[in-house]
Structure formats: structure tokens, C-alpha cells
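Colleague: Supplied structure: my_file12.cif, mmCIF, C-alpha atoms and all ligand atoms.
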```cif
data_start
loop_
_atom_site.label_atom_id
_atom_site.label_comp_id
_atom_site.auth_asym_id
_atom_site.auth_seq_id
_atom_site.Cartn_x
_atom_site.Cartn_y
_atom_site.Cartn_z
CA MET A 5 -28.21 -29.06 -25.81
CA ILE A 6 -30.98 -27.63 -23.67
CA THR A 7 -32.92 -24.92 -25.50
CA ARG A 8 -33.11 -21.36 -24.26
CA ASP A 9 -36.86 -21.81 -23.60
CA GLU A 10 -36.23 -24.92 -21.50
CA ALA A 11 -33.55 -23.09 -19.55
CA LEU A 12 -35.84 -20.14 -18.90
CA ASP A 13 -38.53 -22.55 -17.78
CA LEU A 14 -36.11 -24.07 -15.26
CA VAL A 15 -35.29 -20.59 -13.97
CA GLN A 16 -38.96 -19.67 -13.58
CA LYS A 17 -39.73 -22.93 -11.76
CA ASN A 18 -36.80 -22.71 -9.35
CA VAL A 19 -36.18 -19.03 -8.65
CA SER A 20 -38.85 -17.31 -6.59
CA ASN A 21 -37.44 -13.78 -6.52
CA LYS A 22 -38.46 -11.78 -9.61
CA ASN A 23 -35.52 -9.42 -9.24
CA LEU A 24 -33.14 -12.34 -9.17
CA ILE A 25 -34.69 -13.63 -12.41
CA LYS A 26 -34.06 -10.21 -13.93
CA HIS A 27 -30.47 -10.39 -12.72
CA MET A 28 -30.08 -13.77 -14.43
CA LEU A 29 -31.56 -12.36 -17.67
CA ALA A 30 -29.14 -9.44 -17.38
CA ALA A 31 -26.21 -11.82 -16.94
CA GLU A 32 -27.42 -13.74 -19.99
CA ALA A 33 -27.51 -10.57 -22.09
CA VAL A 34 -24.02 -9.58 -20.94
CA MET A 35 -22.65 -13.04 -21.67
CA ARG A 36 -24.19 -13.06 -25.15
CA ARG A 37 -22.64 -9.69 -25.91
CA LEU A 38 -19.24 -10.86 -24.65
CA ALA A 39 -19.49 -14.05 -26.73
CA ARG A 40 -20.10 -11.94 -29.83
CA HIS A 41 -17.13 -9.79 -28.95
CA PHE A 42 -14.84 -12.81 -28.70
CA GLY A 43 -16.38 -14.79 -31.57
CA GLU A 44 -17.47 -17.45 -29.06
CA ASP A 45 -20.68 -19.49 -29.01
CA GLU A 46 -23.44 -17.07 -28.08
CA GLU A 47 -25.96 -19.76 -27.12
CA LEU A 48 -23.50 -21.50 -24.83
CA TRP A 49 -22.33 -18.31 -23.14
CA GLY A 50 -25.91 -17.04 -22.84
CA LEU A 51 -26.98 -20.25 -21.10
CA SER A 52 -24.27 -19.88 -18.48
CA GLY A 53 -25.53 -16.39 -17.63
CA LEU A 54 -29.19 -17.40 -17.64
CA LEU A 55 -28.69 -20.41 -15.36
CA HIS A 56 -25.88 -19.20 -13.11
CA ASP A 57 -27.94 -18.53 -9.96
CA LEU A 58 -30.43 -21.38 -10.45
CA ASP A 59 -29.83 -22.78 -6.97
CA TYR A 60 -30.15 -19.47 -5.14
CA ASP A 61 -33.39 -20.40 -3.30
CA ARG A 62 -31.57 -23.46 -1.92
CA THR A 63 -28.18 -21.89 -1.19
CA ALA A 64 -28.94 -18.33 -0.10
CA ASN A 65 -27.93 -19.27 3.43
CA ASP A 66 -25.28 -21.76 2.42
CA PHE A 67 -22.88 -19.90 0.16
CA PRO A 68 -20.26 -22.68 0.00
CA LYS A 69 -22.85 -24.81 -1.84
CA HIS A 70 -23.81 -22.05 -4.32
CA GLY A 71 -23.11 -23.36 -7.81
CA ILE A 72 -22.54 -26.90 -6.61
CA VAL A 73 -26.26 -27.41 -6.06
CA THR A 74 -26.91 -26.03 -9.55
CA GLU A 75 -24.60 -28.69 -10.95
CA LYS A 76 -26.86 -31.33 -9.36
CA MET A 77 -30.02 -29.58 -10.54
CA LEU A 78 -28.72 -29.61 -14.13
CA GLU A 79 -27.85 -33.30 -14.19
CA GLY A 80 -29.55 -35.04 -17.12
CA LYS A 81 -30.77 -31.71 -18.51
CA ASN A 82 -28.45 -31.72 -21.49
CA VAL A 83 -26.43 -28.70 -20.40
CA PRO A 84 -22.91 -28.73 -21.88
CA GLU A 85 -20.15 -29.40 -19.37
CA PRO A 86 -18.34 -26.06 -19.93
CA VAL A 87 -21.53 -24.25 -18.93
CA VAL A 88 -21.94 -26.35 -15.79
CA TYR A 89 -18.33 -25.75 -14.81
CA ALA A 90 -18.53 -21.99 -15.42
CA ILE A 91 -21.59 -21.89 -13.13
CA LYS A 92 -19.87 -24.02 -10.51
CA SER A 93 -16.79 -21.80 -10.52
CA HIS A 94 -18.52 -18.40 -10.63
CA PRO A 95 -18.77 -18.00 -6.82
CA GLY A 96 -15.00 -18.48 -6.64
CA HIS A 97 -14.93 -21.94 -5.00
CA PHE A 98 -13.20 -23.52 -8.00
CA PRO A 99 -10.46 -22.20 -10.27
CA ARG A 100 -11.51 -20.40 -13.43
CA LYS A 101 -10.04 -22.43 -16.27
CA SER A 102 -11.61 -21.10 -19.45
CA ARG A 103 -12.49 -17.71 -20.88
CA LEU A 104 -16.12 -18.66 -20.34
CA ASP A 105 -15.45 -19.17 -16.61
CA GLN A 106 -13.68 -15.84 -16.38
CA ALA A 107 -16.38 -14.01 -18.33
CA LEU A 108 -19.18 -15.26 -16.09
CA TYR A 109 -17.20 -14.38 -12.95
CA ALA A 110 -16.86 -10.75 -14.08
CA ALA A 111 -20.31 -10.50 -15.70
CA ASP A 112 -22.17 -11.44 -12.52
CA PRO A 113 -21.29 -8.30 -10.49
CA VAL A 114 -21.22 -5.86 -13.42
CA THR A 115 -24.98 -6.29 -13.86
CA GLY A 116 -25.56 -4.81 -10.38
CA LEU A 117 -23.32 -1.87 -11.13
CA ILE A 118 -25.23 -1.13 -14.34
CA VAL A 119 -28.68 -1.47 -12.74
CA ALA A 120 -27.61 0.97 -10.02
CA ALA A 121 -26.35 3.41 -12.63
CA ALA A 122 -29.62 3.22 -14.57
CA LEU A 123 -31.67 3.85 -11.43
CA MET A 124 -29.47 6.79 -10.52
CA HIS A 125 -29.77 8.41 -13.92
CA PRO A 126 -32.27 11.32 -13.91
CA THR A 127 -34.38 9.50 -16.52
CA LYS A 128 -33.98 6.09 -14.80
CA LYS A 129 -33.58 4.62 -18.30
CA ILE A 130 -30.73 2.30 -19.13
CA ARG A 131 -30.70 3.51 -22.72
CA ASN A 132 -29.60 6.95 -21.47
CA VAL A 133 -26.70 5.61 -19.42
CA ASN A 134 -23.27 5.74 -21.00
CA VAL A 135 -19.91 4.26 -20.05
CA GLU A 136 -18.61 7.53 -18.63
CA PHE A 137 -21.59 7.77 -16.28
CA ILE A 138 -20.76 4.32 -14.84
CA GLU A 139 -17.00 4.83 -14.86
CA ARG A 140 -17.31 7.98 -12.78
CA ARG A 141 -18.97 5.96 -10.03
CA PHE A 142 -16.83 2.86 -10.22
CA ASP A 143 -14.54 3.96 -7.40
CA GLU A 144 -17.34 5.23 -5.15
CA LYS A 145 -17.56 2.45 -2.59
CA ARG A 146 -21.07 3.29 -1.48
CA PHE A 147 -22.42 3.22 -5.02
CA ALA A 148 -23.72 -0.29 -5.79
CA ALA A 149 -21.83 -1.51 -2.75
CA GLY A 150 -22.76 -5.14 -3.46
CA ALA A 151 -21.05 -5.12 -6.87
CA ASN A 152 -17.56 -6.42 -6.14
CA ARG A 153 -15.16 -4.10 -7.97
CA GLU A 154 -12.23 -6.49 -7.94
CA GLN A 155 -14.40 -9.17 -9.48
CA ILE A 156 -15.55 -6.78 -12.21
CA ARG A 157 -11.99 -5.67 -12.85
CA SER A 158 -10.98 -9.30 -13.36
CA CYS A 159 -12.24 -8.79 -16.94
CA GLU A 160 -8.68 -7.64 -17.57
CA ALA A 161 -7.60 -11.29 -17.24
CA MET A 162 -9.41 -11.81 -20.57
CA GLY A 163 -7.51 -8.93 -22.11
CA VAL A 164 -10.54 -6.65 -21.99
CA PRO A 165 -9.91 -3.24 -20.40
CA LEU A 166 -12.41 -2.28 -17.69
CA ARG A 167 -13.91 0.54 -19.75
CA ASP A 168 -14.54 -1.77 -22.73
CA PHE A 169 -15.98 -4.43 -20.44
CA ILE A 170 -18.43 -1.97 -18.95
CA GLY A 171 -19.34 -0.78 -22.46
CA LEU A 172 -20.01 -4.28 -23.78
CA SER A 173 -21.99 -5.23 -20.68
CA LEU A 174 -24.05 -2.06 -20.95
CA GLU A 175 -24.83 -2.78 -24.61
CA GLY A 176 -25.93 -6.28 -23.71
CA MET A 177 -28.29 -5.08 -21.00
CA GLN A 178 -29.62 -2.20 -23.11
CA SER A 179 -30.70 -4.76 -25.72
CA ILE A 180 -33.21 -6.24 -23.24
CA ASP A 181 -34.25 -3.05 -21.43
CA ALA A 182 -37.96 -3.90 -21.58
CA GLU A 183 -37.47 -7.31 -19.93
CA LEU A 184 -35.34 -5.69 -17.27
CA GLY A 185 -37.92 -2.94 -16.73
CA LEU A 186 -35.17 -0.34 -17.05
FE FE B 1 -25.48 -13.75 -9.95
#
```
Translate the structure described by the file into C-alpha cells.

Modeller:
Amino acid sequence: MITRDEALDLVQKNVSNKNLIKHMLAAEAVMRRLARHFGEDEELWGLSGLLHDLDYDRTANDFPKHGIVTEKMLEGKNVPEPVVYAIKSHPGHFPRKSRLDQALYAADPVTGLIVAAALMHPTKKIRNVNVEFIERRFDEKRFAAGANREQIRSCEAMGVPLRDFIGLSLEGMQSIDAELGL
């Protein structure tokens, strides 16, 4: 299996936008935390978060190819098939078949919600944000408008209530606050 360092190297070589790299690191941290919660493979789940937007520079203007191009980019790179499929299905073009697929689908938008909450906090520090702070803004459409609420709420398909999902995701991102600059 590809190592975490090799995966990060691929990200840094292919993704030009520094904020997007931070988003991918955030998704990795959320996926690792979720894997721990479920007793799943943390390395495998982390990889899917870290690599999920690898093709963004090539598909930003071609959304139907988002994820599919990543599959091609990962060929021969020793990335386990479940990770490749989770990435391919995360934009919603393919059915979500496993818990990994479902987790990545919900983890992707929750990172944006949490970043927005951290920036809105008087201290601008993610460590000072709590679940209640985020929950209060969940239904405000203009708050983190890009973070698809239905997609986040799909965590319930894994049997995880929204509040718990936000809590786990927050914990994951808080564990890498320095890397995220939050
Ligand atoms: Fe993403």
C-alpha cells in the first residue's frame, strides 16, 4: 500500500491551491477519526480523505470527471481499490457501496462547515469551537453556504447522528490545528 508520505507527495505535486491541500488534510483527519470510531482501518480511511480531491486542478471546470481522473492518476500507485472507489464515488456520480464511501461523502463538506465556524469564533481558534457552536449555525443557509447540509446529514446513513458526526469531525480537525493554521 502507498505510504502516507508518498500520498502527501502526490498531493503536493498535483494540487496547486494551498487551501485545497489544507482541505484534503482536514478530510484526512476527519476520516481517521471516523475510522477510529468504527474500529476501521485508520490508514486506509485516512488515505481516502488525503487523496480525494487529487484531480481538482484537472477537473475544476469539468465536474463530471471529478474523481474519475483521480482513479487514472492513482493507477499503479498501490492504492487499495476501496480507497479508489470511495474517491470515485464521493462527488455522487457512482453509488456509495461501503461505509468508507459513505464516510468520505459526508466528511468532505463537513470540513468546510468546521473551518467557517472556527473563523467565525471570536478567537478564530478551532480548539475553542464546540459542537453546540457549529450546531447552532447548521440551519443558517448563508453560513458556510458551500457546505452541502444534506450531504453532511447523510452521516445518519452510517448510524451516526448529526451531532455526533460533527463532534467526531471537529475532534479530528482539532488534532491537526497547526497544519490547518486554525
Ligand atoms: Fe473535497

Colleague: Near stretch 44-56 of chain A, counting all atoms listed in the file, which residues have an atom at most 9 Å away, once you skip same-chain residues fewer than 5 positions from it, shown as number ranges by chain?

Modeller: A: 5-8, 11-12, 14-15, 25, 27-39, 71, 74, 83-84, 86-88, 90-92, 94, 104, 107-108, 111-112

Colleague: Would you mind telling me which residue in A:Asp143, A:Glu154, A:Asp57, A:Glu183 lies nearest to ligand FE 1 (chain B) when using only C-alpha atoms and all ligand atoms?

Modeller: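 Among the listed residues, the smallest separation from ligand FE 1 (chain B) belongs to A:Asp57.
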
Colleague: Measure the distance from atom CA of A:Arg141 to atom CA of A:Arg103 in Å and round it to one decimal.

Modeller: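 Between these atoms lies a distance of 26.8 Å.
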
Colleague: Nearest residue to A:Val133 out of A:Val114, A:Leu186, A:Ile156, A:Ala149, using only C-alpha atoms?

Modeller: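 Among A:Val114, A:Leu186, A:Ile156, A:Ala149, it is A:Leu186 that comes nearest to A:Val133.
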
Colleague: Choose the residue, out of A:Ser173, A:Thr115, A:Asn132, A:Asn152, that has the smallest atom-to-atom separation from ligand FE 1 (chain B); count only C-alpha atoms and all ligand atoms.

Modeller: A:Thr115

Colleague: Ranking A:Leu78, A:Val73, A:Ile138, A:Leu166 by minimum distance to A:Glu10 and counting all atoms listed in the file, which one comes first?

Modeller: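 For A:Glu10, the nearest of the candidates is A:Leu78.
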